[in-house]
$ cat structure36.txt   # compact mmCIF, C-alpha atoms
# COMPACT_ATOMS: atom_id res chain seq x y z
CA MET A 25 -25.16 4.17 -309.14
CA GLU A 26 -27.08 6.53 -311.43
CA GLU A 27 -29.93 6.65 -308.93
CA ALA A 28 -27.44 7.55 -306.19
CA LYS A 29 -26.05 10.44 -308.19
CA LYS A 30 -29.53 11.90 -308.64
CA ASN A 31 -29.78 12.21 -304.87
CA THR A 32 -26.65 14.27 -304.43
CA GLU A 33 -25.90 17.95 -304.48
CA ALA A 34 -23.81 19.09 -307.44
CA GLY A 35 -23.64 15.52 -308.77
CA LYS A 36 -21.25 14.38 -306.02
CA PRO A 37 -21.84 10.71 -305.17
CA ILE A 38 -23.14 9.92 -301.70
CA ASP A 39 -20.74 8.02 -299.46
CA TYR A 40 -23.19 5.51 -298.00
CA THR A 41 -20.84 4.62 -295.20
CA LYS A 42 -21.16 8.13 -293.74
CA TYR A 43 -23.58 8.85 -290.92
CA PRO A 44 -26.03 10.50 -291.07
CA GLU A 45 -25.96 11.32 -294.78
CA GLY A 46 -25.47 7.77 -296.09
CA PHE A 47 -27.77 6.32 -293.44
CA ASP A 48 -30.49 8.89 -294.19
CA ALA A 49 -30.22 8.32 -297.94
CA ILE A 50 -30.93 4.63 -297.43
CA VAL A 51 -33.77 5.33 -294.98
CA ASP A 52 -35.38 7.42 -297.72
CA MET A 53 -35.30 4.39 -300.02
CA LEU A 54 -37.32 2.19 -297.66
CA ASP A 55 -40.65 3.06 -299.28
CA PHE A 56 -42.05 -0.40 -298.40
CA ILE A 57 -41.99 0.60 -294.71
CA PRO A 58 -44.29 3.29 -293.20
CA GLU A 59 -42.26 6.48 -292.98
CA GLU A 60 -42.59 6.84 -289.21
CA ARG A 61 -41.00 3.39 -288.72
CA ARG A 62 -38.13 3.55 -291.19
CA ARG A 63 -35.52 5.12 -288.98
CA ALA A 64 -36.23 2.78 -286.07
CA THR A 65 -36.10 -0.18 -288.45
CA MET A 66 -32.66 0.86 -289.69
CA LEU A 67 -31.34 1.54 -286.18
CA SER A 68 -32.55 -1.90 -285.08
CA LEU A 69 -30.84 -3.46 -288.09
CA ILE A 70 -27.57 -1.65 -287.32
CA ASP A 71 -27.74 -3.00 -283.79
CA ASN A 72 -28.21 -6.55 -285.09
CA LEU A 73 -25.47 -6.23 -287.70
CA GLY A 74 -23.08 -4.93 -285.06
CA ARG A 75 -23.76 -7.88 -282.78
CA ARG A 76 -24.08 -10.74 -285.29
CA MET B 15 -56.39 -30.20 -274.00
CA THR B 16 -56.82 -27.82 -276.91
CA PRO B 17 -53.65 -26.12 -278.16
CA ASP B 18 -54.68 -22.90 -276.36
CA GLU B 19 -55.23 -24.80 -273.12
CA LEU B 20 -51.96 -26.69 -273.48
CA ARG B 21 -50.10 -23.47 -274.16
CA GLN B 22 -51.57 -21.83 -271.06
CA TYR B 23 -50.91 -24.96 -269.00
CA ARG B 24 -47.25 -24.78 -269.95
CA VAL B 25 -47.03 -21.05 -269.21
CA ASN B 26 -48.53 -21.76 -265.79
CA LEU B 27 -45.88 -24.43 -265.15
CA PHE B 28 -43.13 -21.83 -265.72
CA ARG B 29 -44.92 -19.04 -263.86
CA ASP B 30 -45.65 -21.30 -260.88
CA ALA B 31 -42.07 -22.57 -260.76
CA THR B 32 -40.65 -19.02 -260.92
CA SER B 33 -43.00 -17.87 -258.13
CA MET B 34 -41.27 -20.29 -255.74
CA GLU B 35 -44.47 -20.24 -253.69
CA ARG B 36 -46.89 -22.11 -255.93
CA LYS B 37 -46.33 -25.78 -256.68
CA PRO B 38 -46.62 -26.41 -260.43
CA ASP B 39 -48.62 -29.38 -261.68
CA ARG B 40 -45.29 -30.89 -262.75
CA ILE B 41 -41.75 -29.66 -263.26
CA PRO B 42 -41.51 -27.62 -266.47
CA HIS B 43 -38.98 -28.77 -269.08
CA LEU B 44 -37.10 -26.11 -271.04
CA SER B 45 -35.16 -26.94 -274.19
CA ASN B 46 -31.64 -25.54 -274.34
CA PHE B 47 -31.07 -27.30 -277.66
CA TRP B 48 -29.74 -25.09 -280.42
CA THR B 49 -28.00 -26.30 -283.57
CA TRP B 50 -28.25 -29.91 -282.30
CA GLN B 51 -31.87 -29.66 -283.42
CA VAL B 52 -30.79 -29.19 -287.02
CA LEU B 53 -28.61 -32.29 -287.08
CA ASP B 54 -31.13 -34.42 -285.18
CA MET B 55 -33.77 -33.58 -287.76
CA GLY B 56 -31.44 -34.72 -290.53
CA TYR B 57 -30.37 -31.40 -292.01
CA LYS B 58 -27.11 -29.51 -292.35
CA PHE B 59 -26.34 -26.23 -290.60
CA SER B 60 -26.09 -24.29 -293.84
CA GLN B 61 -29.44 -25.69 -295.02
CA ALA B 62 -31.35 -24.64 -291.91
CA THR B 63 -29.77 -21.19 -291.65
CA HIS B 64 -30.38 -20.34 -295.32
CA ASP B 65 -33.71 -22.02 -296.10
CA TYR B 66 -36.56 -20.92 -293.86
CA ASP B 67 -38.73 -23.85 -294.96
CA VAL B 68 -36.01 -26.18 -293.66
CA MET B 69 -35.75 -24.24 -290.38
CA GLU B 70 -39.53 -24.59 -289.95
CA LYS B 71 -39.32 -28.34 -290.51
CA VAL B 72 -36.50 -28.51 -287.95
CA MET B 73 -38.36 -26.62 -285.24
CA LEU B 74 -41.76 -28.23 -285.72
CA GLY B 75 -40.28 -31.70 -286.20
CA PHE B 76 -38.15 -31.30 -283.09
CA HIS B 77 -41.19 -30.46 -281.02
CA GLU B 78 -43.20 -33.33 -282.47
CA ARG B 79 -40.43 -35.73 -281.56
CA TYR B 80 -39.53 -34.47 -278.08
CA GLY B 81 -42.35 -32.28 -276.77
CA PHE B 82 -40.51 -29.84 -274.48
CA ASP B 83 -42.66 -27.29 -272.68
CA ALA B 84 -40.83 -24.30 -274.17
CA TYR B 85 -37.80 -23.56 -276.34
CA GLN B 86 -34.86 -21.26 -275.84
CA GLU B 87 -34.16 -21.43 -279.59
CA THR B 88 -36.78 -21.41 -282.31
CA GLY B 89 -34.47 -20.63 -285.21
CA ILE B 90 -33.65 -16.98 -284.47
CA ARG B 91 -30.09 -17.34 -283.20
CA ASN B 92 -28.27 -17.09 -286.52
CA PRO B 93 -29.54 -14.60 -289.13
CA GLN B 94 -27.00 -15.78 -291.71
CA ARG B 95 -28.92 -14.57 -294.76
CA VAL B 96 -29.21 -11.09 -293.29
CA THR B 97 -25.52 -10.64 -292.56
CA GLU B 98 -24.40 -12.36 -295.75
CA THR B 99 -26.27 -9.74 -297.79
CA LEU B 100 -23.39 -7.43 -296.95
CA GLY B 101 -20.58 -9.96 -297.24
CA ASP B 102 -19.24 -13.00 -295.45
CA SER B 103 -20.68 -13.95 -292.09
CA ILE B 104 -18.31 -13.96 -289.13
CA TYR B 105 -19.67 -17.38 -288.26
CA VAL B 106 -17.85 -20.40 -289.65
CA ILE B 107 -20.03 -23.25 -290.90
CA ASP B 108 -18.42 -26.53 -291.91
CA ASP B 109 -21.20 -28.93 -292.83
CA GLU B 110 -18.83 -31.81 -293.49
CA LYS B 111 -17.30 -31.64 -290.02
CA GLU B 112 -20.60 -30.45 -288.48
CA LEU B 113 -19.02 -27.34 -287.03
CA PHE B 114 -20.69 -23.98 -286.45
CA PHE B 115 -18.66 -21.48 -284.48
CA LEU B 116 -17.50 -17.92 -284.06
CA GLN B 117 -13.90 -16.81 -283.68
CA ASP B 118 -12.90 -13.98 -281.36
CA HIS B 119 -12.87 -10.74 -283.31
CA SER B 120 -12.41 -7.01 -282.81
CA TYR B 121 -13.67 -4.20 -285.00
CA PHE B 122 -11.99 -1.23 -283.40
CA GLU B 123 -8.83 -0.22 -281.58
CA THR B 124 -8.29 1.15 -278.10
CA GLY B 125 -7.65 4.62 -279.49
CA GLU B 126 -11.13 4.84 -281.02
CA TYR B 127 -13.23 4.78 -277.84
CA ASP B 128 -13.97 8.52 -277.93
CA GLU B 129 -15.72 8.17 -281.29
CA LEU B 130 -17.81 5.26 -280.02
CA ILE B 131 -18.72 7.16 -276.86
CA ALA B 132 -19.76 10.27 -278.80
CA ASN B 133 -22.27 8.43 -281.01
CA PRO B 134 -22.52 4.62 -280.94
CA SER B 135 -24.84 4.33 -283.95
CA LYS B 136 -22.58 6.55 -286.06
CA PHE B 137 -19.55 4.56 -284.91
CA VAL B 138 -21.08 1.21 -285.84
CA TRP B 139 -22.21 2.58 -289.21
CA GLU B 140 -18.95 4.30 -290.19
CA LYS B 141 -16.31 2.13 -288.54
CA VAL B 142 -17.66 -1.30 -287.64
CA LEU B 143 -19.84 -2.20 -290.62
CA PRO B 144 -17.17 -1.44 -293.28
CA ARG B 145 -14.62 -3.51 -291.36
CA LYS B 146 -17.02 -6.37 -290.83
CA PHE B 147 -18.74 -6.57 -294.20
CA TYR B 148 -16.64 -6.25 -297.35
CA LYS B 149 -19.60 -5.12 -299.47
CA PHE B 150 -20.35 -2.17 -297.18
CA ARG B 151 -18.22 0.31 -299.10
CA PRO B 152 -18.49 4.08 -299.76
CA ASP B 153 -19.41 3.44 -303.40
CA MET B 154 -21.74 0.52 -302.78
CA ASP B 155 -25.03 0.32 -304.58
CA PRO B 156 -27.51 1.47 -301.89
CA GLN B 157 -29.91 -1.23 -303.06
CA LEU B 158 -27.61 -3.59 -301.16
CA MET B 159 -28.71 -2.07 -297.84
CA VAL B 160 -32.32 -2.04 -298.97
CA ASP B 161 -31.98 -5.75 -299.73
CA CYS B 162 -30.46 -6.26 -296.29
CA VAL B 163 -33.47 -4.55 -294.69
CA LYS B 164 -35.78 -6.81 -296.68
CA GLU B 165 -33.83 -9.91 -295.65
CA ASN B 166 -34.08 -8.80 -292.03
CA GLN B 167 -37.83 -8.34 -292.39
CA LEU B 168 -38.13 -11.76 -293.99
CA PHE B 169 -36.06 -13.30 -291.18
CA TRP B 170 -38.45 -11.96 -288.55
CA THR B 171 -41.57 -12.71 -290.58
CA LYS B 172 -40.51 -16.35 -290.87
CA SER B 173 -39.59 -16.42 -287.17
CA PHE B 174 -43.08 -15.23 -286.21
CA GLU B 175 -44.65 -17.78 -288.56
CA ARG B 176 -42.67 -20.59 -286.91
CA ASN B 177 -43.66 -19.38 -283.46
CA ASN B 178 -47.31 -19.20 -284.51
CA LYS B 179 -47.19 -22.77 -285.80
CA LEU B 180 -45.56 -23.91 -282.59
CA ALA B 181 -48.34 -22.10 -280.72
CA GLU B 182 -50.87 -24.10 -282.73
CA MET B 183 -49.12 -27.17 -281.36
CA GLY B 184 -49.53 -25.89 -277.78
CA VAL B 185 -46.07 -24.38 -277.38
CA PRO B 186 -45.92 -21.01 -275.63
CA GLY B 187 -43.45 -18.28 -276.45
CA LEU B 188 -40.70 -18.21 -273.85
CA ILE B 189 -40.21 -14.43 -273.51
CA SER B 190 -42.85 -11.73 -273.74
CA PRO B 191 -42.16 -9.42 -276.70
CA LYS B 192 -43.30 -6.39 -274.68
CA ASN B 193 -39.90 -5.94 -273.03
CA GLY B 194 -38.14 -8.86 -274.62
CA PHE B 195 -34.43 -9.28 -274.65
CA ALA B 196 -31.99 -6.79 -273.13
CA SER B 197 -28.31 -6.90 -273.96
CA LEU B 198 -26.02 -4.76 -271.82
CA GLY B 199 -23.38 -2.46 -273.27
CA ILE B 200 -20.56 -4.57 -271.85
CA GLU B 201 -22.00 -7.61 -273.66
CA TYR B 202 -22.13 -5.65 -276.92
CA LEU B 203 -18.43 -4.85 -276.53
CA PHE B 204 -17.55 -8.39 -275.42
CA SER B 205 -19.22 -10.41 -278.15
CA GLY B 206 -19.97 -7.91 -280.92
CA LEU B 207 -17.49 -5.06 -281.19
CA ARG B 208 -14.22 -5.40 -279.28
CA GLY B 209 -13.97 -9.12 -278.59
CA ILE B 210 -12.75 -11.09 -275.61
CA ARG B 211 -9.07 -10.27 -275.90
CA GLY B 212 -9.61 -6.65 -276.82
CA ILE B 213 -12.03 -5.83 -274.00
CA SER B 214 -9.87 -7.71 -271.48
CA LEU B 215 -6.92 -5.46 -272.32
CA ASP B 216 -8.99 -2.27 -272.45
CA MET B 217 -10.60 -2.82 -269.04
CA ARG B 218 -7.11 -2.72 -267.53
CA ARG B 219 -5.58 0.00 -269.69
CA VAL B 220 -8.48 2.44 -270.16
CA PRO B 221 -11.25 1.47 -267.72
CA GLU B 222 -12.82 4.92 -267.77
CA LYS B 223 -13.17 4.72 -271.56
CA VAL B 224 -14.72 1.27 -271.35
CA GLN B 225 -17.13 2.57 -268.69
CA ALA B 226 -18.16 5.48 -270.88
CA ALA B 227 -18.52 3.17 -273.89
CA CYS B 228 -20.76 0.81 -271.89
CA ASP B 229 -22.90 3.75 -270.79
CA ALA B 230 -23.16 5.01 -274.39
CA LEU B 231 -24.09 1.56 -275.72
CA ASP B 232 -26.59 1.07 -272.91
CA THR B 233 -28.48 4.15 -274.17
CA ILE B 234 -29.33 2.14 -277.31
CA SER B 235 -29.48 -1.37 -275.80
CA ALA B 236 -30.39 -1.61 -272.11
CA GLU B 237 -31.95 1.80 -271.39
CA PRO B 238 -34.80 1.47 -273.93
CA VAL B 239 -35.76 -1.76 -272.17
CA VAL B 240 -35.76 -0.03 -268.78
CA GLN B 241 -37.92 2.76 -270.21
CA SER B 242 -40.27 0.18 -271.72
CA LEU B 243 -40.58 -1.54 -268.34
CA MET B 244 -41.28 1.76 -266.63
CA ARG B 245 -44.10 2.51 -269.09
CA ASP B 246 -45.52 -1.02 -268.95
CA VAL B 247 -48.48 -1.92 -266.78
CA PRO B 248 -47.65 -3.80 -263.59
CA GLY B 249 -47.98 -7.54 -263.50
CA PRO B 250 -46.85 -10.44 -265.65
CA ASP B 251 -47.68 -11.00 -269.30
CA THR B 252 -49.43 -14.31 -268.67
CA GLY B 253 -49.28 -15.39 -272.31
CA TYR B 254 -45.54 -16.07 -271.98
CA CYS B 255 -43.27 -18.02 -269.66
CA PHE B 256 -41.13 -15.01 -268.64
CA ASP B 257 -41.49 -11.27 -269.06
CA MET B 258 -37.96 -10.67 -270.23
CA LEU B 259 -34.51 -12.17 -270.65
CA VAL B 260 -30.94 -11.01 -270.18
CA ALA B 261 -28.07 -13.13 -271.50
CA ILE B 262 -25.03 -12.97 -269.22
CA LEU B 263 -21.73 -13.98 -270.80
CA ALA B 264 -19.13 -11.23 -270.30
CA HIS B 265 -18.98 -11.79 -266.54
CA THR B 266 -16.76 -14.79 -267.26
CA ILE B 267 -13.76 -12.52 -267.85
CA LEU B 268 -14.51 -9.91 -265.18
CA SER B 269 -12.90 -9.51 -261.79
CA MET B 270 -15.26 -8.56 -258.97
CA LYS B 271 -14.12 -4.94 -259.24
CA GLN B 272 -14.84 -4.97 -262.99
CA TRP B 273 -18.23 -6.58 -262.35
CA GLU B 274 -19.03 -3.73 -259.94
CA MET B 275 -17.94 -1.13 -262.46
CA PHE B 276 -19.18 -2.40 -265.81
CA TYR B 277 -21.86 -5.02 -265.28
CA TRP B 278 -23.84 -4.70 -262.09
CA PRO B 279 -25.19 -1.11 -262.36
CA PRO B 280 -27.18 -1.56 -265.60
CA LEU B 281 -28.20 -5.12 -264.69
CA LYS B 282 -29.42 -3.97 -261.28
CA ARG B 283 -31.40 -1.18 -262.91
CA ILE B 284 -33.23 -3.72 -265.09
CA ILE B 285 -33.89 -6.21 -262.29
CA ASP B 286 -35.05 -3.46 -259.91
CA GLU B 287 -37.62 -2.38 -262.49
CA VAL B 288 -38.72 -5.98 -263.13
CA VAL B 289 -39.36 -6.44 -259.40
CA ALA B 290 -41.06 -3.05 -259.07
CA LYS B 291 -43.46 -4.01 -261.86
CA ASP B 292 -44.06 -7.51 -260.45
CA LYS B 293 -42.67 -9.22 -263.52
CA THR B 294 -40.25 -12.09 -264.09
CA ILE B 295 -36.83 -12.19 -265.69
CA GLN B 296 -34.84 -15.14 -267.00
CA LEU B 297 -31.09 -14.74 -266.61
CA PHE B 298 -29.44 -16.92 -269.27
CA ILE B 299 -25.96 -17.41 -267.84
CA GLU B 300 -22.87 -18.99 -269.34
CA GLY B 301 -19.94 -20.17 -267.29
CA SER B 302 -19.93 -19.93 -263.52
CA PHE B 303 -22.04 -17.47 -261.53
CA LEU B 304 -21.75 -18.49 -257.86
CA ARG B 305 -19.33 -15.67 -256.95
CA PHE B 306 -22.03 -13.08 -257.73
CA ALA B 307 -24.68 -14.56 -255.42
CA ASP B 308 -24.47 -11.75 -252.83
CA TYR B 309 -25.74 -9.22 -255.38
CA PHE B 310 -29.06 -11.02 -255.64
CA ARG B 311 -29.73 -11.74 -251.96
CA ASP B 312 -32.05 -8.80 -251.30
CA TYR B 313 -34.50 -9.50 -254.12
CA PRO B 314 -37.81 -11.04 -253.11
CA LYS B 315 -38.76 -14.48 -254.34
CA GLY B 316 -40.90 -14.77 -257.43
CA HIS B 317 -39.11 -12.61 -259.99
CA ILE B 318 -35.79 -14.15 -261.04
CA ALA B 319 -35.08 -17.44 -262.77
CA ILE B 320 -31.40 -18.29 -263.20
CA GLN B 321 -30.40 -20.62 -266.03
CA ILE B 322 -26.98 -21.97 -265.17
CA GLU B 323 -24.17 -23.68 -267.03
CA SER B 324 -20.99 -24.60 -265.19
CA ASP B 325 -22.10 -24.52 -261.58
CA ASP B 326 -23.57 -27.44 -259.67
CA ILE B 327 -27.28 -26.70 -259.60
CA LEU B 328 -27.60 -27.75 -255.96
CA GLU B 329 -24.89 -25.24 -255.03
CA VAL B 330 -26.77 -22.60 -257.03
CA ARG B 331 -29.95 -23.36 -255.07
CA LYS B 332 -28.10 -22.78 -251.79
CA ALA B 333 -26.40 -19.62 -253.03
CA PHE B 334 -29.55 -18.15 -254.64
CA PRO B 335 -32.37 -19.29 -252.31
CA ASN B 336 -34.69 -16.59 -253.59
CA CYS B 337 -34.32 -17.49 -257.28
CA CYS B 338 -35.85 -20.21 -259.39
CA VAL B 339 -33.11 -22.38 -260.88
CA ILE B 340 -33.09 -23.70 -264.44
CA GLY B 341 -30.82 -26.54 -265.55
CA GLY B 342 -29.47 -29.71 -263.99
CA MET B 343 -29.63 -32.18 -266.89
CA THR B 344 -26.00 -32.59 -267.86
CA SER B 345 -24.83 -32.97 -271.43
CA LYS B 346 -22.34 -35.53 -270.10
CA LEU B 347 -25.17 -37.85 -269.05
CA LEU B 348 -27.25 -37.13 -272.13
CA SER B 349 -24.30 -38.03 -274.35
CA GLN B 350 -22.57 -40.80 -272.40
CA GLY B 351 -25.16 -42.20 -270.03
CA THR B 352 -27.97 -44.67 -270.43
CA LYS B 353 -31.65 -43.81 -270.63
CA GLU B 354 -32.10 -45.10 -267.11
CA GLU B 355 -29.26 -42.98 -265.76
CA CYS B 356 -30.73 -39.88 -267.38
CA VAL B 357 -34.18 -40.49 -265.91
CA ASP B 358 -32.63 -41.26 -262.51
CA ARG B 359 -30.86 -37.91 -262.69
CA VAL B 360 -34.22 -36.18 -263.25
CA LYS B 361 -35.75 -37.99 -260.27
CA TYR B 362 -32.80 -36.97 -258.12
CA LEU B 363 -33.10 -33.32 -259.16
CA VAL B 364 -36.83 -33.25 -258.51
CA ASP B 365 -36.27 -34.71 -255.05
CA GLU B 366 -33.49 -32.25 -254.23
CA LEU B 367 -34.79 -29.08 -255.88
CA GLY B 368 -38.51 -29.49 -256.33
CA PRO B 369 -41.34 -29.18 -256.22
CA LYS B 370 -41.12 -25.39 -256.15
CA GLY B 371 -38.61 -23.13 -257.84
CA PHE B 372 -37.10 -25.62 -260.31
CA ILE B 373 -37.22 -25.86 -264.09
CA LEU B 374 -35.39 -28.74 -265.77
CA GLY B 375 -33.02 -27.78 -268.57
CA GLN B 376 -29.72 -28.83 -270.11
CA ASP B 377 -26.47 -27.51 -268.66
CA LYS B 378 -25.12 -26.07 -271.90
CA MET B 379 -26.28 -24.80 -275.28
CA MET B 380 -26.67 -28.16 -277.00
CA SER B 381 -25.03 -27.58 -280.34
CA TYR B 382 -23.28 -30.63 -281.80
CA ARG B 383 -24.22 -34.23 -282.40
CA VAL B 384 -21.94 -35.48 -279.62
CA ASP B 385 -23.74 -33.35 -277.03
CA ALA B 386 -26.55 -35.88 -276.61
CA LYS B 387 -27.94 -39.19 -277.78
CA PRO B 388 -31.47 -38.79 -279.16
CA GLU B 389 -32.74 -41.79 -277.24
CA ASN B 390 -31.62 -40.23 -273.95
CA VAL B 391 -33.29 -36.93 -274.77
CA LEU B 392 -36.48 -38.76 -275.64
CA ALA B 393 -36.40 -40.80 -272.43
CA VAL B 394 -36.10 -37.65 -270.32
CA CYS B 395 -38.84 -35.88 -272.28
CA GLU B 396 -41.25 -38.79 -271.96
CA TYR B 397 -40.62 -39.02 -268.23
CA MET B 398 -41.15 -35.28 -267.77
CA GLN B 399 -44.44 -35.36 -269.68
CA SER B 400 -45.80 -38.19 -267.54
CA MET B 401 -44.57 -37.14 -264.12
CA LYS B 402 -46.82 -35.56 -261.49
CA LEU B 403 -45.81 -33.82 -258.32
$ encode --input "structure36.txt" --output "structure tokens"
Amino acid sequence: MEEAKKNTEAGKPIDYTKYPEGFDAIVDMLDFIPEERRRATMLSLIDNLGRR
Amino acid sequence: MTPDELRQYRVNLFRDATSMERKPDRIPHLSNFWTWQVLDMGYKFSQATHDYDVMEKVMLGFHERYGFDAYQETGIRNPQRVTETLGDSIYVIDDEKELFFLQDHSYFETGEYDELIANPSKFVWEKVLPRKFYKFRPDMDPQLMVDCVKENQLFWTKSFERNNKLAEMGVPGLISPKNGFASLGIEYLFSGLRGIRGISLDMRRVPEKVQAACDALDTISAEPVVQSLMRDVPGPDTGYCFDMLVAILAHTILSMKQWEMFYWPPLKRIIDEVVAKDKTIQLFIEGSFLRFADYFRDYPKGHIAIQIESDDILEVRKAFPNCCVIGGMTSKLLSQGTKEECVDRVKYLVDELGPKGFILGQDKMMSYRVDAKPENVLAVCEYMQSMKL
């Protein structure tokens, strides 16, 4: 939670269920994936989560 | 044969059968066994879906025992650990009763179509995921989603490892990963977002909204596959049995008018591109499909393989003379018949449907212990491995 607050403007917590701000905040955390593939990875995951 | 040679031999069996012009060395045998594999190998559903070492033992052990030429399922059907990262899975597993099923569900209401149409990814993120997964909350620790991404990566890493080990045993991959698996927008609504009851009502009440929703979902599901096909080089990917697959389930609740409106246009677009690029497509079909035969009449032979469920395979051959047919081995015989009756059934099918344009498979997704007796499955497999045309 503290880490999330550091990423906000004026200390307001990020609502991670909002798109694109919550989505983008999580994409930025995927530092174990090459940057150019992070967004596609998340979009593919959303697709799978929506179906399964 | 070396594993590489055996793998190529098996690919050639499928490619020759699908061509409908070339006679394969023998009839190829496709496994339509799913969770039955888990039970037959002596494990529980929850074990195999949560422990990738167990799933590997299931898949490799199943092949060692039965030796099919290719497998519809290699442990990728149920990513339980991925979905459970965010909360309960929508699948119900009862190991004691050996049940593994999904109940009809809906994650949005008829009045919300405009939001889905405007931006499907945003809609799934903001509306569907919070309703589906109780841990996906506004104040959730974002590490939860990061963990979910890692679980998804692990799921696919382990899937590729299993497939590689099967390849070392001479088993080819069924579908080329170049264009892979395409799921139409209507299927996404039917089985993922709106459910059977919900979509049935919506197609009558707000058909234009459903149409627009299908089109919007196709931009993220079917259209990328069409674009990939258009960019791909012509010709088959000869390392795999088929170039791509489409699973067809939602047609079971559609009238012909609804099929024309929601299903056929994007499916036709995909098949047209497959034919234009001289590739092959496996249509994995549930329920009955005979009433749609006219839509496929103009396609040339050599590109489409239809895997059927409810229909009599001989009737399918007559109705789809330009398509390879997959199926014919009934779960009724496999579960209630004798070994001799099962083998006699294979001989009958080969006589009636072979030698060209026929791939033997089971007539349903074999899921539960009662669906087949192991000794019958083994008898059929041993016959198929020894037969020559």
$ interface_residues --input "structure36.txt" --of "chain A" --to "chain B" --cutoff "6 Å" --atoms "all atoms listed in the file" --output "list in words"
Met25, Asp39, Tyr40, Thr41, Lys42, Tyr43, Gly74 and Arg75 of chain A
$ atom_distance --input "structure36.txt" --atom1 "atom CA of Phe47 of chain A" --atom2 "atom CA of Leu73 of chain A"
14.0 Å
$ atom_distance --input "structure36.txt" --atom1 "atom CA of Tyr127 of chain B" --atom2 "atom CA of Thr233 of chain B"
15.7 Å
$ atom_distance --input "structure36.txt" --atom1 "atom CA of Pro221 of chain B" --atom2 "atom CA of Leu297 of chain B"
25.6 Å
$ residues_around --input "structure36.txt" --residues "Thr65 of chain A" --least-positions-apart "2" --cutoff "10 Å" --atoms "only C-alpha atoms" --output "list in words"
Val51, Leu54, Ile57, Glu60, Arg61, Arg62, Arg63, Leu67, Ser68, Leu69, Ile70 and Asp71 of chain A; Val163, Asn166 and Gln167 of chain B
$ closest_residue --input "structure36.txt" --among "B:Lys192, B:Lys361, B:His317, B:Lys402" --to "Phe28 of chain B" --atoms "all atoms listed in the file"
B:His317
$ residues_around --input "structure36.txt" --residues "Val52 of chain B" --least-positions-apart "5" --cutoff "8 Å" --atoms "all atoms listed in the file" --output "PDB file with C-alpha atoms, keeping the file's coordinate frame"
ATOM      1  CA  TYR B  57     -30.370 -31.400-292.010  1.00  0.00           C
ATOM      2  CA  LYS B  58     -27.110 -29.510-292.350  1.00  0.00           C
ATOM      3  CA  PHE B  59     -26.340 -26.230-290.600  1.00  0.00           C
ATOM      4  CA  ALA B  62     -31.350 -24.640-291.910  1.00  0.00           C
ATOM      5  CA  MET B  69     -35.750 -24.240-290.380  1.00  0.00           C
ATOM      6  CA  VAL B  72     -36.500 -28.510-287.950  1.00  0.00           C
TER       7      VAL B  72
END
$ closest_residue --input "structure36.txt" --among "B:Thr88, B:Ser400, B:Asn193, B:Gln22" --to "Asp246 of chain B" --atoms "only C-alpha atoms"
B:Asn193
$ residues_around --input "structure36.txt" --residues "segment 73-87 of chain B" --least-positions-apart "4" --cutoff "7 Å" --atoms "only C-alpha atoms" --output "list in words"
Arg24, Pro42, His43, Leu44, Ser45, Asn46, Phe47, Trp48, Gln51, Met55, Met69, Arg91, Leu180, Val185, Pro186, Gly187, Leu188, Leu392 and Cys395 of chain B
